[in-house]
Amino acid sequence: MDSINPSEYKDEFIKIYNAQIKREGAEKLLKWLSGTDFFTAPASTRFHLACEGGLVCHSVNVYRALRERYFEEGDSEESFALCGLLHDICKAQFYKVSYRNAKNPRTGEWEQVPYYSVEDAFPYGHGEKSVYLIERFLRLKPAEAVAVRWHMGGFDDSARGGSFAVSGAYEKYPLAVKLHLADMEATYLRENRG
């Protein structure tokens with residue numbers, strides 16, 4: 001994806017959020033999100049959607065993949081919206097624009113160019129931090145909390161450090177597996193098309 005329209009994804013995010021998430025505290029959470037850089041932040045520093053609005057675009061893409069590919073009879077629309085849209089809420093207020101010198105390939109001159117770097121004011125982990133931030137406003141069901149906590153799967157720092165807890169989470173909560181797969185599909189298939 002070369003460029004995106006952040007306002008288009010913001011509008012879609014809010015439309016899905018308001019239609020599907022009715023839990024007490026949902027309005028306060030959306031208001032808090034609107035006061036952060038969630039709708040303008042990148043999804044990463046240099047990988048998928050490292051551009052303005054990348055985070056909201058990724059969130060919508062994960063929700064779409066989750067809903068389109070894995071929703072089954074008996075699943076909760078609200079749970080799918082909460083998990084898909086908010087799994088990376090930890091990335092709000094997480095990136096900053098920095099500058100570095102780079103040679104302009106056309107002119108051969110050195111110039112300052114912007115790039116995204118991480119400035120984590122609350123280093124609490126990735127999935128854990130998303131669960132914590134969501135639960136400041138509304139209560140998650142156990143399956144939702146586990147899904148958001150473990151959406152990184154084997155890429156999670158705990159799993160890379162040797163923890164096998166992700167296996168137990170995936171065995172007990174199908175939503176956790178579905179969210180992880182939707183996140184991978186959005187990141188590697190929908191967003192990284194050459």
# chains A, B, ... in the order shown; residues from 1 in each chain; ligands from 1
call {"tool": "select_by_dssp", "arguments": {"residues": "chain A", "states": "helix (DSSP H, G or I)", "output": "MDAnalysis selection string"}}
result
chainID A and resid 6:20 26:34 54:70 77:86 89:91 127:135 142:149 153:155 157:160 165:172 174:190
call {"tool": "residues_around", "arguments": {"residues": "A:Arg100", "least_positions_apart": "2", "cutoff": "9 Å", "atoms": "only C-alpha atoms", "output": "PyMOL selection string"}}
result
chain A and resi 98+102+111-115
call {"tool": "atom_distance", "arguments": {"atom1": "atom CA of A:Phe47", "atom2": "atom CA of A:Lys103"}}
result
21.0 Å
call {"tool": "closest_residue", "arguments": {"among": "A:Pro42, A:Gly25, A:Gly84, A:Pro174", "to": "A:Val97", "atoms": "only C-alpha atoms"}}
result
A:Pro42
call {"tool": "select_by_dssp", "arguments": {"residues": "chain A", "states": "strand (DSSP E or B)", "output": "list of chain:residue names"}}
result
A:Tyr95, A:Lys96, A:Val97, A:Ser98, A:Tyr99, A:Arg100, A:Asn101, A:Ala102, A:Lys103, A:Trp110, A:Glu111, A:Gln112, A:Val113, A:Pro114, A:Tyr115, A:Tyr116, A:Ser117, A:Val118
call {"tool": "write_last_selection", "arguments": {"atoms": "C-alpha atoms", "output": "PDB file, in the first residue's frame"}}
result
ATOM      1  CA  TYR A  95       5.453   6.744  17.809  1.00  0.00           C
ATOM      2  CA  LYS A  96       7.120  10.076  17.183  1.00  0.00           C
ATOM      3  CA  VAL A  97       8.539  11.719  14.102  1.00  0.00           C
ATOM      4  CA  SER A  98      12.332  12.018  14.141  1.00  0.00           C
ATOM      5  CA  TYR A  99      14.763  13.152  11.472  1.00  0.00           C
ATOM      6  CA  ARG A 100      17.917  11.670   9.947  1.00  0.00           C
ATOM      7  CA  ASN A 101      20.253  12.576   7.127  1.00  0.00           C
ATOM      8  CA  ALA A 102      19.798  10.783   3.830  1.00  0.00           C
ATOM      9  CA  LYS A 103      21.247  11.339   0.392  1.00  0.00           C
ATOM     10  CA  TRP A 110      22.290  15.254   1.848  1.00  0.00           C
ATOM     11  CA  GLU A 111      19.012  16.319   3.402  1.00  0.00           C
ATOM     12  CA  GLN A 112      17.020  15.716   6.564  1.00  0.00           C
ATOM     13  CA  VAL A 113      14.173  13.256   6.106  1.00  0.00           C
ATOM     14  CA  PRO A 114      11.490  12.292   8.616  1.00  0.00           C
ATOM     15  CA  TYR A 115      11.056   8.800   9.979  1.00  0.00           C
ATOM     16  CA  TYR A 116       9.053   7.202  12.776  1.00  0.00           C
ATOM     17  CA  SER A 117      10.697   6.082  15.996  1.00  0.00           C
ATOM     18  CA  VAL A 118       9.305   4.537  19.162  1.00  0.00           C
TER      19      VAL A 118
END
call {"tool": "residues_around", "arguments": {"residues": "stretch 155-161 of chain A", "least_positions_apart": "2", "cutoff": "12 Å", "atoms": "only C-alpha atoms", "output": "list in words"}}
result
Tyr124, Gly125, His126, Gly127, Glu128, Val148, Arg149, Trp150, His151, Met152, Gly153, Ser163, Phe164, Ala165, Val166, Ser167, Gly168, Ala169, His180, Asp183 and Met184 of chain A
call {"tool": "atom_distance", "arguments": {"atom1": "atom CA of A:Ser7", "atom2": "atom CA of A:Ser44"}}
result
18.4 Å
call {"tool": "closest_residue", "arguments": {"among": "A:Gly53, A:Gly35, A:Gly74, A:Gly108", "to": "A:Asp11", "atoms": "only C-alpha atoms"}}
result
A:Gly53
call {"tool": "residues_around", "arguments": {"residues": "A:Glu77", "least_positions_apart": "2", "cutoff": "9 Å", "atoms": "only C-alpha atoms", "output": "list in words"}}
result
Gln20, Ile21, Arg67, Phe71, Asp75, Ser79, Phe80, Ala81 and Leu82 of chain A
call {"tool": "write_last_selection", "arguments": {"atoms": "N, CA, C and O atoms", "output": "PDB file, in the first residue's frame"}}
result
ATOM      1  N   GLN A  20     -21.337  -1.571  16.414  1.00  0.00           N
ATOM      2  CA  GLN A  20     -21.140  -2.882  17.026  1.00  0.00           C
ATOM      3  C   GLN A  20     -20.831  -2.862  18.521  1.00  0.00           C
ATOM      4  O   GLN A  20     -21.110  -3.830  19.220  1.00  0.00           O
ATOM      5  N   ILE A  21     -20.218  -1.802  19.007  1.00  0.00           N
ATOM      6  CA  ILE A  21     -19.754  -1.796  20.404  1.00  0.00           C
ATOM      7  C   ILE A  21     -20.708  -0.954  21.244  1.00  0.00           C
ATOM      8  O   ILE A  21     -20.735   0.273  21.132  1.00  0.00           O
ATOM      9  N   ARG A  67     -13.741 -10.557  10.569  1.00  0.00           N
ATOM     10  CA  ARG A  67     -15.185 -10.692  10.323  1.00  0.00           C
ATOM     11  C   ARG A  67     -15.468 -11.511   9.060  1.00  0.00           C
ATOM     12  O   ARG A  67     -16.330 -12.390   9.052  1.00  0.00           O
ATOM     13  N   PHE A  71     -15.836 -15.317  11.228  1.00  0.00           N
ATOM     14  CA  PHE A  71     -17.079 -15.206  11.975  1.00  0.00           C
ATOM     15  C   PHE A  71     -17.940 -16.433  11.708  1.00  0.00           C
ATOM     16  O   PHE A  71     -18.160 -16.818  10.566  1.00  0.00           O
ATOM     17  N   ASP A  75     -20.782 -16.593  17.234  1.00  0.00           N
ATOM     18  CA  ASP A  75     -19.770 -15.588  17.569  1.00  0.00           C
ATOM     19  C   ASP A  75     -20.447 -14.249  17.844  1.00  0.00           C
ATOM     20  O   ASP A  75     -21.542 -13.978  17.357  1.00  0.00           O
ATOM     21  N   SER A  79     -17.717  -8.627  20.160  1.00  0.00           N
ATOM     22  CA  SER A  79     -16.378  -9.151  20.470  1.00  0.00           C
ATOM     23  C   SER A  79     -15.445  -9.017  19.274  1.00  0.00           C
ATOM     24  O   SER A  79     -14.277  -8.628  19.421  1.00  0.00           O
ATOM     25  N   PHE A  80     -15.957  -9.323  18.092  1.00  0.00           N
ATOM     26  CA  PHE A  80     -15.129  -9.211  16.889  1.00  0.00           C
ATOM     27  C   PHE A  80     -14.734  -7.759  16.647  1.00  0.00           C
ATOM     28  O   PHE A  80     -13.587  -7.465  16.282  1.00  0.00           O
ATOM     29  N   ALA A  81     -15.659  -6.828  16.843  1.00  0.00           N
ATOM     30  CA  ALA A  81     -15.340  -5.409  16.646  1.00  0.00           C
ATOM     31  C   ALA A  81     -14.351  -4.928  17.697  1.00  0.00           C
ATOM     32  O   ALA A  81     -13.365  -4.249  17.367  1.00  0.00           O
ATOM     33  N   LEU A  82     -14.578  -5.273  18.957  1.00  0.00           N
ATOM     34  CA  LEU A  82     -13.650  -4.864  20.018  1.00  0.00           C
ATOM     35  C   LEU A  82     -12.235  -5.360  19.733  1.00  0.00           C
ATOM     36  O   LEU A  82     -11.277  -4.595  19.789  1.00  0.00           O
TER      37      LEU A  82
END
call {"tool": "closest_residue", "arguments": {"among": "A:Phe39, A:Gly162, A:Arg46, A:Ala65", "to": "A:Asp88", "atoms": "only C-alpha atoms"}}
result
A:Phe39
call {"tool": "residues_around", "arguments": {"residues": "A:Asp37", "least_positions_apart": "3", "cutoff": "12 Å", "atoms": "only C-alpha atoms", "output": "PyMOL selection string"}}
result
chain A and resi 6+10+31-34+40-43+52-56+89-96
call {"tool": "atom_distance", "arguments": {"atom1": "atom CA of A:Val146", "atom2": "atom CA of A:Leu133"}}
result
14.0 Å
call {"tool": "decode", "arguments": {"residues": "stretch 33-80 of chain A", "atoms": "C-alpha atoms", "output": "PDB file, in the first residue's frame"}}
result
ATOM      1  CA  LEU A  33      -8.969   7.585  21.398  1.00  0.00           C
ATOM      2  CA  SER A  34      -9.984  10.770  19.565  1.00  0.00           C
ATOM      3  CA  GLY A  35      -7.786  12.769  21.942  1.00  0.00           C
ATOM      4  CA  THR A  36      -4.734  10.687  21.060  1.00  0.00           C
ATOM      5  CA  ASP A  37      -2.884  10.199  17.779  1.00  0.00           C
ATOM      6  CA  PHE A  38      -4.613   6.832  17.164  1.00  0.00           C
ATOM      7  CA  PHE A  39      -6.244   8.053  13.948  1.00  0.00           C
ATOM      8  CA  THR A  40      -3.052   9.596  12.523  1.00  0.00           C
ATOM      9  CA  ALA A  41      -0.304   7.328  13.893  1.00  0.00           C
ATOM     10  CA  PRO A  42       1.551   4.777  11.754  1.00  0.00           C
ATOM     11  CA  ALA A  43       1.054   1.050  12.293  1.00  0.00           C
ATOM     12  CA  SER A  44       4.827   0.512  12.565  1.00  0.00           C
ATOM     13  CA  THR A  45       8.120   2.360  12.243  1.00  0.00           C
ATOM     14  CA  ARG A  46       9.190   0.882   8.922  1.00  0.00           C
ATOM     15  CA  PHE A  47       7.250  -2.288   8.181  1.00  0.00           C
ATOM     16  CA  HIS A  48       3.533  -2.457   7.431  1.00  0.00           C
ATOM     17  CA  LEU A  49       1.714   0.861   7.001  1.00  0.00           C
ATOM     18  CA  ALA A  50       4.533   3.050   8.313  1.00  0.00           C
ATOM     19  CA  CYS A  51       2.620   6.142   7.207  1.00  0.00           C
ATOM     20  CA  GLU A  52       0.183   8.670   8.574  1.00  0.00           C
ATOM     21  CA  GLY A  53      -3.089   6.911   9.382  1.00  0.00           C
ATOM     22  CA  GLY A  54      -1.492   3.471   9.159  1.00  0.00           C
ATOM     23  CA  LEU A  55      -2.693   2.408  12.612  1.00  0.00           C
ATOM     24  CA  VAL A  56      -6.376   3.076  11.957  1.00  0.00           C
ATOM     25  CA  CYS A  57      -6.068   1.501   8.506  1.00  0.00           C
ATOM     26  CA  HIS A  58      -4.493  -1.623  10.030  1.00  0.00           C
ATOM     27  CA  SER A  59      -7.173  -1.776  12.727  1.00  0.00           C
ATOM     28  CA  VAL A  60      -9.943  -1.687  10.131  1.00  0.00           C
ATOM     29  CA  ASN A  61      -8.105  -4.262   7.989  1.00  0.00           C
ATOM     30  CA  VAL A  62      -7.792  -6.659  10.928  1.00  0.00           C
ATOM     31  CA  TYR A  63     -11.476  -6.246  11.757  1.00  0.00           C
ATOM     32  CA  ARG A  64     -12.398  -6.906   8.109  1.00  0.00           C
ATOM     33  CA  ALA A  65     -10.231 -10.035   7.911  1.00  0.00           C
ATOM     34  CA  LEU A  66     -11.551 -11.277  11.258  1.00  0.00           C
ATOM     35  CA  ARG A  67     -15.185 -10.692  10.323  1.00  0.00           C
ATOM     36  CA  GLU A  68     -14.970 -11.902   6.714  1.00  0.00           C
ATOM     37  CA  ARG A  69     -12.915 -15.044   7.309  1.00  0.00           C
ATOM     38  CA  TYR A  70     -13.623 -16.279  10.812  1.00  0.00           C
ATOM     39  CA  PHE A  71     -17.079 -15.206  11.975  1.00  0.00           C
ATOM     40  CA  GLU A  72     -19.249 -18.243  12.699  1.00  0.00           C
ATOM     41  CA  GLU A  73     -22.744 -18.744  14.045  1.00  0.00           C
ATOM     42  CA  GLY A  74     -22.652 -18.063  17.759  1.00  0.00           C
ATOM     43  CA  ASP A  75     -19.770 -15.588  17.569  1.00  0.00           C
ATOM     44  CA  SER A  76     -20.312 -12.104  18.960  1.00  0.00           C
ATOM     45  CA  GLU A  77     -20.311  -9.133  16.586  1.00  0.00           C
ATOM     46  CA  GLU A  78     -19.314  -6.919  19.507  1.00  0.00           C
ATOM     47  CA  SER A  79     -16.378  -9.151  20.470  1.00  0.00           C
ATOM     48  CA  PHE A  80     -15.129  -9.211  16.889  1.00  0.00           C
TER      49      PHE A  80
END
